[in-house]
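Have a look at the structure below before the remarks.
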Amino acid sequence: MRRNFMLELHGWITLRESYKANDEEKNMKHIFGKIKEKVYELDWTTNLLDIRYCNGSPNLSIALFANRIGQEVNDVFELLEFICKEAKGSYGLIYVCDDEMSDDFMCYIICKGNINKVGDPFLSPLSKKIYEE
């Protein structure tokens, strides 16, 4: 059994102003507003792009399924770069599997204002770990 889409992207980011433990995050509400404005400008209708406070913690959730890499995928990475610039203490993970490129998930780690790409040991290769007995 094979899946009927070509690109799958899932992710979460906890939004933080700074990664230094002693910072009080005085500007977080302002930063959150700027990120929220960027999210709303994207105006996604078919995939999940959700920004909100949960139990006092600002976060972003993303889920995207597409036939191929398109503008929405580009939007995600432009948004990640914006978050890394505006909220350097943010951290999270974005998992991407593009079966036109590979049968593996790639993991994008957001931490200390950077985005680092690493391989995924948990679900990759997708065809063997998910679809074979």
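Quick note on naming: the chains in the structure tokens go A, B, ... in the order shown, residues restart at 1 in each chain, and ligands are numbered from 1 in order of appearance.
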Handout entry: Non-local contacts of Lys85 (chain A) (12 Å; only C-alpha atoms; under 5 positions in same chain excluded) as a PyMOL selection string
Key = chain A and resi 15-18+31+34-35+78-80+90+110-115
Hey, can you spit out that residue selection with N, CA and C atoms as a CSV table (one decimal), in the first residue's frame?
```
chain,number,residue,atom,x,y,z
A,15,LEU,N,7.1,29.4,20.6
A,15,LEU,CA,7.7,30.7,20.3
A,15,LEU,C,8.2,31.3,21.6
A,16,ARG,N,9.5,31.7,21.5
A,16,ARG,CA,10.2,32.4,22.7
A,16,ARG,C,11.0,33.5,22.1
A,17,GLU,N,11.0,34.6,22.9
A,17,GLU,CA,11.8,35.8,22.5
A,17,GLU,C,13.3,35.5,22.6
A,18,SER,N,13.7,34.8,23.6
A,18,SER,CA,15.1,34.6,23.8
A,18,SER,C,15.4,33.2,24.4
A,31,ILE,N,6.1,40.4,19.6
A,31,ILE,CA,6.6,39.5,18.7
A,31,ILE,C,5.6,38.5,18.2
A,34,LYS,N,3.4,40.1,15.6
A,34,LYS,CA,4.1,40.1,14.3
A,34,LYS,C,4.1,38.8,13.5
A,35,ILE,N,4.3,37.7,14.3
A,35,ILE,CA,4.3,36.4,13.7
A,35,ILE,C,2.9,36.0,13.3
A,78,GLU,N,9.8,30.3,4.7
A,78,GLU,CA,9.9,31.8,4.9
A,78,GLU,C,9.5,32.2,6.3
A,79,LEU,N,8.4,31.6,6.7
A,79,LEU,CA,7.8,31.8,8.1
A,79,LEU,C,8.8,31.4,9.1
A,80,LEU,N,9.5,30.2,8.9
A,80,LEU,CA,10.5,29.7,9.9
A,80,LEU,C,11.6,30.7,10.0
A,90,SER,N,12.9,30.6,20.1
A,90,SER,CA,11.9,29.7,19.6
A,90,SER,C,12.6,28.3,19.3
A,110,ILE,N,14.5,23.7,14.8
A,110,ILE,CA,14.5,25.2,15.0
A,110,ILE,C,15.0,25.4,16.4
A,111,CYS,N,16.1,26.1,16.6
A,111,CYS,CA,16.7,26.2,17.9
A,111,CYS,C,17.7,27.4,17.9
A,112,LYS,N,17.6,28.3,18.8
A,112,LYS,CA,18.6,29.4,19.0
A,112,LYS,C,18.7,30.2,17.7
A,113,GLY,N,17.6,30.5,17.0
A,113,GLY,CA,17.6,31.3,15.8
A,113,GLY,C,18.2,30.7,14.6
A,114,ASN,N,18.3,29.3,14.6
A,114,ASN,CA,18.8,28.6,13.4
A,114,ASN,C,17.8,27.5,13.0
A,115,ILE,N,18.0,27.1,11.8
A,115,ILE,CA,17.2,25.9,11.2
A,115,ILE,C,18.3,24.9,10.7
```
Practice task
Considering only C-alpha atoms, return as a list in words whatever protein or nucleic-acid residues lie within 12 Å of Met101 (chain A), sequence-local ones (same chain, fewer than 5 positions apart) excluded.
Solution key: Met6, Leu7, Arg68, Ile69, Val96 and Met106 of chain A
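Distances from A:Glu132, A:Glu81, A:Glu86, A:Asp98 to Asn116 (chain A) were compared using only C-alpha atoms, and the smallest one belongs to A:Glu81.
Nearest-residue note for Leu126 (chain A): choosing from A:Glu8, A:Gly92, A:Asp50, A:Ile83, the minimum distance belongs to A:Glu8, counting only C-alpha atoms.
CA of Cys97 (chain A) is positioned 11.4 Å from CA of Ser127 (chain A).
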Practice task
Would you list the contacts of Lys36 (chain A) as a PyMOL selection string, taking every protein, DNA or RNA residue within 7 Å and counting only C-alpha atoms, but skipping same-chain residues closer than 4 positions in sequence?
Solution key: chain A and resi 32+40+51
How about saving the chosen residues, C-alpha atoms kept, as a short mmCIF file (atom, residue, chain, number, x, y, z; two decimals), in the first residue's frame?
```
data_model
loop_
_atom_site.label_atom_id
_atom_site.label_comp_id
_atom_site.auth_asym_id
_atom_site.auth_seq_id
_atom_site.Cartn_x
_atom_site.Cartn_y
_atom_site.Cartn_z
CA PHE A 32 3.70 37.09 18.79
CA TYR A 40 -2.78 35.43 8.67
CA ILE A 51 -0.86 30.10 15.98
#
```
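The residue that comes closest to Ile62 (chain A), out of A:Ser102, A:Thr46, A:Gly11, A:Phe77 and on the basis of only C-alpha atoms, is A:Gly11.
Between CA of Thr14 (chain A) and CA of Cys107 (chain A) the interatomic distance comes to 16.1 Å.
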Handout entry: strand (DSSP E) residues, from DSSP on the backbone, in region 48-125 of chain A, as a PyMOL selection string
Key = chain A and resi 48-54+57-66+91-98+105-111+114-119
Output for the residues just chosen: N, CA and C atoms as a short mmCIF file (atom, residue, chain, number, x, y, z; two decimals), in the first residue's frame:
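Output saved as selection-v4.cif:
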```
data_model
loop_
_atom_site.label_atom_id
_atom_site.label_comp_id
_atom_site.auth_asym_id
_atom_site.auth_seq_id
_atom_site.Cartn_x
_atom_site.Cartn_y
_atom_site.Cartn_z
N LEU A 48 -3.18 23.04 7.61
CA LEU A 48 -3.22 23.59 8.96
C LEU A 48 -2.03 24.50 9.20
N LEU A 49 -2.32 25.71 9.61
CA LEU A 49 -1.31 26.67 10.05
C LEU A 49 -1.98 27.43 11.18
N ASP A 50 -1.65 27.07 12.43
CA ASP A 50 -2.37 27.57 13.60
C ASP A 50 -1.40 28.19 14.59
N ILE A 51 -1.68 29.42 14.99
CA ILE A 51 -0.86 30.10 15.98
C ILE A 51 -1.78 30.50 17.14
N ARG A 52 -1.32 30.20 18.35
CA ARG A 52 -2.15 30.51 19.52
C ARG A 52 -1.34 30.36 20.80
N TYR A 53 -1.91 30.87 21.87
CA TYR A 53 -1.38 30.63 23.20
C TYR A 53 -2.09 29.41 23.77
N CYS A 54 -1.33 28.47 24.33
CA CYS A 54 -1.87 27.32 25.03
C CYS A 54 -1.26 27.32 26.42
N SER A 57 1.57 29.67 26.84
CA SER A 57 2.76 29.49 26.00
C SER A 57 2.39 29.69 24.52
N PRO A 58 3.04 30.63 23.82
CA PRO A 58 2.74 30.84 22.41
C PRO A 58 3.34 29.75 21.55
N ASN A 59 2.55 29.24 20.59
CA ASN A 59 3.06 28.17 19.74
C ASN A 59 2.43 28.21 18.35
N LEU A 60 3.07 27.50 17.45
CA LEU A 60 2.64 27.39 16.07
C LEU A 60 2.57 25.91 15.71
N SER A 61 1.48 25.51 15.07
CA SER A 61 1.32 24.13 14.59
C SER A 61 1.12 24.16 13.08
N ILE A 62 1.72 23.18 12.40
CA ILE A 62 1.67 23.13 10.94
C ILE A 62 1.41 21.70 10.49
N ALA A 63 0.52 21.53 9.53
CA ALA A 63 0.33 20.24 8.85
C ALA A 63 -0.01 20.55 7.40
N LEU A 64 0.70 19.91 6.49
CA LEU A 64 0.53 20.20 5.07
C LEU A 64 0.66 18.91 4.27
N PHE A 65 -0.26 18.70 3.37
CA PHE A 65 -0.20 17.60 2.41
C PHE A 65 -0.36 18.20 1.03
N ALA A 66 0.54 17.86 0.10
CA ALA A 66 0.49 18.45 -1.23
C ALA A 66 0.98 17.45 -2.27
N TYR A 91 11.83 27.25 19.55
CA TYR A 91 12.36 25.92 19.28
C TYR A 91 11.24 25.02 18.80
N GLY A 92 11.60 24.04 17.99
CA GLY A 92 10.61 23.11 17.49
C GLY A 92 11.16 22.21 16.41
N LEU A 93 10.26 21.43 15.83
CA LEU A 93 10.63 20.45 14.81
C LEU A 93 9.65 20.52 13.64
N ILE A 94 10.18 20.38 12.44
CA ILE A 94 9.38 20.28 11.24
C ILE A 94 9.83 19.00 10.53
N TYR A 95 8.88 18.10 10.27
CA TYR A 95 9.17 16.86 9.56
C TYR A 95 8.62 16.96 8.15
N VAL A 96 9.46 16.62 7.16
CA VAL A 96 9.05 16.70 5.76
C VAL A 96 9.43 15.40 5.06
N CYS A 97 8.47 14.86 4.32
CA CYS A 97 8.75 13.72 3.45
C CYS A 97 8.24 14.08 2.05
N ASP A 98 9.15 14.13 1.11
CA ASP A 98 8.81 14.42 -0.29
C ASP A 98 9.22 13.19 -1.08
N PHE A 105 11.88 10.79 5.74
CA PHE A 105 11.54 12.08 6.32
C PHE A 105 12.84 12.83 6.58
N MET A 106 12.80 14.14 6.44
CA MET A 106 13.88 15.00 6.88
C MET A 106 13.34 15.81 8.04
N CYS A 107 14.18 16.07 9.01
CA CYS A 107 13.79 16.81 10.19
C CYS A 107 14.50 18.16 10.18
N TYR A 108 13.74 19.21 10.34
CA TYR A 108 14.29 20.56 10.45
C TYR A 108 14.13 20.99 11.90
N ILE A 109 15.25 21.24 12.55
CA ILE A 109 15.26 21.59 13.95
C ILE A 109 15.41 23.11 14.07
N ILE A 110 14.48 23.72 14.79
CA ILE A 110 14.52 25.16 15.01
C ILE A 110 15.02 25.36 16.44
N CYS A 111 16.15 26.05 16.60
CA CYS A 111 16.73 26.25 17.93
C CYS A 111 17.73 27.40 17.88
N ASN A 114 18.28 29.35 14.58
CA ASN A 114 18.80 28.61 13.43
C ASN A 114 17.84 27.49 13.02
N ILE A 115 17.97 27.09 11.76
CA ILE A 115 17.24 25.94 11.23
C ILE A 115 18.28 24.94 10.74
N ASN A 116 18.29 23.76 11.33
CA ASN A 116 19.24 22.73 10.93
C ASN A 116 18.49 21.51 10.41
N LYS A 117 18.98 20.98 9.31
CA LYS A 117 18.36 19.83 8.65
C LYS A 117 19.13 18.57 9.03
N VAL A 118 18.38 17.54 9.50
CA VAL A 118 18.99 16.25 9.84
C VAL A 118 18.08 15.14 9.35
N GLY A 119 18.64 13.97 9.21
CA GLY A 119 17.85 12.81 8.82
C GLY A 119 16.97 12.34 9.97
#
```
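Residue nearest Gly33 (chain A) within the list A:Leu123, A:Ala87, A:Ile13, A:Val76: A:Ala87 [criterion: smallest interatomic distance, only C-alpha atoms].
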Practice task
Give the answer as one residue: which of A:Asp104, A:Val73, A:Glu133, A:Leu42 has the shortest atom-to-atom distance to Asp120 (chain A), using only C-alpha atoms?
Solution key: A:Asp104
Problem - Coordinates-based distance that separates CA of Asn67 (chain A) from CA of His10 (chain A) (Å, one decimal) - result: 15.0 Å
Problem - Sel. of alpha helix (DSSP H) residues, region 22-111 of chain A, as an MDAnalysis selection string - result: chainID A and resid 28:42 71:86
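Minimum atom-to-atom distances from A:Met28, A:Cys84, A:Leu9, A:Glu72 to Thr45 (chain A) were compared using only C-alpha atoms, and the lowest value belongs to A:Glu72.
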